[in-house]
Every structure is written in C-alpha cells, then in structure tokens.
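Here is the structure we will look at.
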Amino acid sequence: MLVSDMQVVDAEANTRQAHSNLQEAWHLGCTGRSVEALTLAGEILVDAKARGDDRLAAQCDTDIAWYCFQIGKAELGLTHVRRAIDFWKLTGERKEEACARAYFGWLLLELGLPEEAIEEATRALDLADKAADPKAQSLATNVIGIIFWCNKQPDRAILMSERSVELARSIGNKNYECWWLINLGGSHSEGGYIARALGQPEEEHQMLVRALALTEQALDIAIEIGDSWAARLCLGNQAEFYSHLGEHEKALQCMVRYRLFQENSYVRDRQQYLYTLGQIYNNSGKFTEALSPLLEAVELIDAGGSFDSYVQIYLYLSQAYEGLGQFDPALEAHKKYHQAYLRNSAESTQRRARLAEIYYETKRFKEVAETESKRAETLEASYQKLQEQTDILANAVYLDALTGLYNRQYLDSRFKALTSEKRPYSIAMLDVDHFKSINDNFSHMIGDRVLGAIGTILRGQLRITDQAIRFGGEEFVVLFAGAPRGAADLCERLRSAIERWDWPEICNGLHVTISIGLASTLSAKSPNEILAIADQNLYAAKKTGRNRVVA
C-alpha cells in the first residue's frame, strides 16, 4: 500500500472514530451527564478543526449549544451555535441549520431576550418545514411552545407543545418525547396559575392535575432511558404542582425521590431542588423548615444558575421570613427580589450588546482564518501560525465567556503539555482584593464588569507568549513562558496596571487592586506543585497587606 493510500485510510478511520465519539457525547448528554458530554465534544471539536473537518466541527458546535443549555452556560452556547449556523447556512443544509437556530432561540430565551428568541425559533421552524424533517420540526415547534409558555400564553404554548410531542413520537425519539412532555406539563401548569389569579379554582385544579399526569409520563420515560437530568426536572415540577394543589406530603415525597437522581447534578438543578423545597414548606406554613434550604440556595447564587432561580430564591425567602414575623430580613429579601428584576432589565441591554459582539467576532474570526489560509499556501510559517490561532479560536469550550480569557479546562490541558515539556516557565496566581465587598457594595453586575475589565487589562499587558486564565471566581492564573528571572517584573507591571485603571469609569467610588503569588520551575518540577507554591505565595501577599507581589 502506498503512503498516500495509508494516509487516506488513516484519515477515514479518524473521521469514523470522531463521529463515534460524538455519538457517545450525545448519549452522555441524554443521560444526565452533560458536563462530560461538553468536555468530550470540545475535544472532538479541537481535533476536527486541526484536521480541517469543518462539517464535523459544526456538528460539535451544534451539540455543545444543547449541553451548555442543560448546565446553564447560555452565553458560551451562543458562541458555539452562531458558528454552527454560519456553516450550515453556507452549505445549504436546512435540517442542520434549523436545529442550530432552534437551540439559538432557546439560549436567547434563557438569557431573557424573548424578541430575538421568537425570531430565531420561527426561522428554525420555517427551515425545518422546508426540509420536511420531523426531528427538526419537533425541536423548533417545542422551542416556540416554550416561548409562549414563558410569555404567559398557555393556550398557544399547549398547542405547540402537543405538536412537538406528536412529532417526537412519530420518529420514535424517546429523549425528545420526554423533554417535550415536561414542557407540555409546564404549559398546563401556567394555565392553572393564571386560572387561580382569575378566581377560577375548578379550571386551576383541572390544569394542574393534567400537568401532573403529563409530567408523570415524562418521568416514566426518563427512568426508562436513564436520563437523570430529565428525572430531576420532572420531580421538581411535580412537587411544585402538588404543593399548589395543597397536597404538601405528596410534594415532599417527590423531593425525596428527587435526591435519588442528584448524581451528576448541576448548580441550577441544586438551586431548583432547594428553592422548590422552600416553596413547599412555605405553602404548608412550615416557615422555619423553609429557611434552611432557601439560605443554602442563596449560598449557591454566586456559583451560577439562571435569572429565574435567583428571583425564586429571594421571593420564597422573603415569604419565609414574613411568615415567621421577621419583617426586616423579609423586606431585605424582597428588595433583592425586586433588584433582580431591575438588574435583569439592565443586563438585557448588555446581553444584546454581547450578542452583537458574538456576531461580529464570529465574522471577524472567519475573515482572519480565510486570510491566513491564503498565506499558508505559500509560507509554511504562516500556516503554522494559522493552525495555532484556529485551534484557539475554534476551541471556544476553552474560553471564559465573561472575561474572554482561557478557562480552568484550558489550564488543565496546558498542565498536561507542560508536564512533558522541558522548557522553563513561571506560574502566577492573581486574586482580586476584597471582591466580595465589591459585589456587596456595588452589585454583582459591577463585579462582573470588574472581572471583564481585568481580562482586558491582562490581554493588553501580557506578551504574546504568555497566557492568562480565569481560574475561578475572582482568581486568575498567568503562565509566563521562558526563564523565570523576568516574571516578577511582569507581575508587578500587571499589579500596577490594575491599580491605575480608571475604575470610577465603571462606577463612582470603585477602586480595585490585586494580590499576586508567583512560583517557577526553579521551585518545583510539576505544574501542580508550582501552582501550589504560587497559591501559598498569594496567601502570603494577602496576609501582608494585599495589593502586592510575593515570589
């Protein structure tokens, strides 16, 4: 066999294996293990880009959008799905574009952008109808139904959701049938809540009983196919429906069953469990019992979750305090509930701006890639540079949406590479001083803007060979390439740049500093050991007054 023939065979084998792995990722996402699915799909995406398999990359981007929805990372999902839409539109694949646009609409709704969501979902359904593909039609119809549900139009929501369930059944898709039945039950419950507000108790009872029956059907399917994510949704919803019907013991029994499916749960799932438990106790007059899960849910707010979770937590917390006659904390909780709506309104504008930025970045990255590709035809060096840039840009699963820096997952991958490399390097741990006070005194929205600004400063100050990573929360890591001797000076430059930044431009009275701990290959051999020493030095910087570098 000729070398060229062997290369073709290897390429075909790699492609088959990649598609098999992508199917495995989808299976993980359909059985409640969406973080694992996201990681695997991200790895396949990097490999597909490296091999120039743009179609497989677009399939990865489409699937990743769904995993991001499941675990509450909507903005990251937008970045991926926009790229997928561009590819499917370019290749004229209506079915695939319809699915990608349906996910896009769902993510937009998750971010509180209903106008943009309905536009994308409608376009998705139009494409699905033109492709005459029942799977894409089922997905797009379901998303439109959810939009009607969220906009308190249960009659229309029920019609669309029923149609989506019928389509799922017609193609034997158990996952879709399960998921859409959950939404159909939710649409009926919305009708029941509206009936209660209108003083129609019989209509309310009928709608909630129907919601329970539909959700029970979904739960049976979830258990049959092993989807713990869907099972949690079903049991949380059933508990809420029973509680509204006054059947609080049955509601609590649902929450007991809920705990059986909490393996592989995400922040949003845990929040829903806790605030639903608080709601049940409130509805049954057990306000003391309600406080514990609700206060635990408050502790999870900074870890993520949706706007809906945030407002539900503080609404039920204010009700619990009021029921106990503790009116000051009740008022404080209700203020935060009200502030959440004001904040969401302000952030909607920012999300629209971010959406426009995603559109722009996707187009710009594509143009950069095309330009570099032409250079690569004649210059090997340019080709290498393009390959490195493409890997970085394509691997959006390695990017932190808030700061634009690399994320913890990317750091893990770099640590694997550094373990086998012999070149010297340094690691700096950075931590924003008194960040909790910034959130408490200026709001979490301002805190997010501070983190975004720090990302901008780091990108502007670092050399092209250095890499900045958002480690988690207000902590950052910087990898400095080369001999360690100049790393301390670079850290001091970063510290000074952040201290001198025009922070009052973000908010009057705001001032931000950072503390930095630094270590290098002179101190230890493995990346994790070096990171641990840098973390110890960061602690020393904090203990000795903050706003300083300790090496």
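Labels used: A, B, ... for chains in the order of the structure tokens, numbers from 1 for residues in each chain, and numbers from 1 for ligands as shown.
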
Interface rows for stretch 111-149 of chain A against stretch 73-92 of chain A: nearest pair, Å to one decimal, 12 Å, only C-alpha atoms, as a tab-separated table:
```
residue	atom	partner	partner_atom	distance
A:Leu111	CA	A:Ala74	CA	6.9
A:Gly112	CA	A:Ala74	CA	10.6
A:Leu113	CA	A:Ala74	CA	11.7
A:Ala117	CA	A:Leu78	CA	11.8
A:Glu120	CA	A:Ile85	CA	10.9
A:Arg123	CA	A:Ile85	CA	11.7
A:Ala124	CA	A:Ile85	CA	10.6
A:Leu127	CA	A:Gly92	CA	10.4
A:Lys130	CA	A:Gly92	CA	11.7
A:Ala131	CA	A:Gly92	CA	10.5
```

query: Skipping near chain neighbours, those fewer than 3 positions away, what residues fall within 10 Å of stretch 250-267 of chain A using only C-alpha atoms, listed as an MDAnalysis selection string?
result: chainID A and resid 31:36 70:72 223 226:247 270:274 276:277 280:281 297 300:306

Just C-alpha atoms for this one: save the residues we selected as a tab-separated table (two decimals), in the first residue's frame.
```
chain	number	residue	atom	x	y	z
A	31	THR	CA	-28.43	10.53	30.32
A	32	GLY	CA	-27.80	13.45	32.65
A	33	ARG	CA	-24.02	13.72	32.18
A	34	SER	CA	-23.85	16.93	30.21
A	35	VAL	CA	-20.58	18.21	31.70
A	36	GLU	CA	-18.89	15.05	30.44
A	70	GLN	CA	-28.53	21.95	30.17
A	71	ILE	CA	-25.86	23.14	32.58
A	72	GLY	CA	-26.80	26.85	32.47
A	223	ILE	CA	-36.35	6.49	34.16
A	226	GLY	CA	-31.71	6.65	32.27
A	227	ASP	CA	-31.94	10.45	31.95
A	228	SER	CA	-31.31	11.72	35.48
A	229	TRP	CA	-31.42	15.38	34.35
A	230	ALA	CA	-34.96	14.97	32.97
A	231	ALA	CA	-35.99	12.94	36.04
A	232	ARG	CA	-34.94	15.80	38.31
A	233	LEU	CA	-36.93	18.28	36.24
A	234	CYS	CA	-39.99	16.04	36.41
A	235	LEU	CA	-39.88	15.51	40.16
A	236	GLY	CA	-39.18	19.17	40.92
A	237	ASN	CA	-42.12	20.21	38.74
A	238	GLN	CA	-44.44	17.59	40.24
A	239	ALA	CA	-43.55	18.74	43.75
A	240	GLU	CA	-44.45	22.30	42.78
A	241	PHE	CA	-47.77	21.21	41.23
A	242	TYR	CA	-48.75	19.11	44.27
A	243	SER	CA	-47.86	21.97	46.60
A	244	HIS	CA	-50.10	24.37	44.67
A	245	LEU	CA	-52.90	21.82	44.98
A	246	GLY	CA	-52.37	21.74	48.76
A	247	GLU	CA	-51.04	18.16	48.74
A	270	ARG	CA	-29.38	22.07	43.06
A	271	GLN	CA	-30.87	25.56	43.26
A	272	GLN	CA	-34.20	24.30	41.91
A	273	TYR	CA	-34.24	21.49	44.44
A	274	LEU	CA	-33.57	23.86	47.33
A	276	THR	CA	-38.72	24.17	45.50
A	277	LEU	CA	-38.31	22.57	48.94
A	280	ILE	CA	-43.34	23.60	49.68
A	281	TYR	CA	-42.59	24.36	53.31
A	297	ALA	CA	-29.73	28.20	47.81
A	300	LEU	CA	-25.14	28.90	45.52
A	301	ILE	CA	-26.14	32.10	43.71
A	302	ASP	CA	-22.56	33.20	43.04
A	303	ALA	CA	-21.81	29.76	41.56
A	304	GLY	CA	-24.22	30.34	38.68
A	305	GLY	CA	-27.77	29.47	37.77
A	306	SER	CA	-30.49	31.33	35.91
```

Test item: residues at most 12 Å from A:Arg414, only C-alpha atoms, excluding those fewer than 6 positions along its chain, as number ranges by chain: A: 398, 406-408, 420-421, 427, 467-469, 477-479, 526-528

message: Show me, as a ChimeraX atom specification, the residues that have an atom within 9 Å of stretch 138-140 of chain A when counting only C-alpha atoms, minus same-chain residues fewer than 3 positions from it.
response: /A:98-99,101-103,105,121-126,128,133-135,143-145,161,163-168,176,180

message: For A:Pro329, find every residue with an atom within 12 Å (counting only C-alpha atoms), except residues of its own chain fewer than 3 positions away, and show them as JSON, numbers by chain.
response: {"A": [291, 295, 314, 315, 317, 318, 319, 320, 321, 322, 323, 324, 325, 326, 332, 333, 334, 335, 336]}

task: Could you give me, as a PyMOL selection string, the residues within 10 Å of A:Glu475, counting only C-alpha atoms and dropping anything in the same chain fewer than 2 positions from it?
output: chain A and resi 429-433+435+451+469-473+477+514-516

statement: Using only C-alpha atoms, the shortest atom-to-atom distance to A:Ala211 among A:Asn441, A:Ser187, A:Asn173, A:Asn142 belongs to A:Ser187
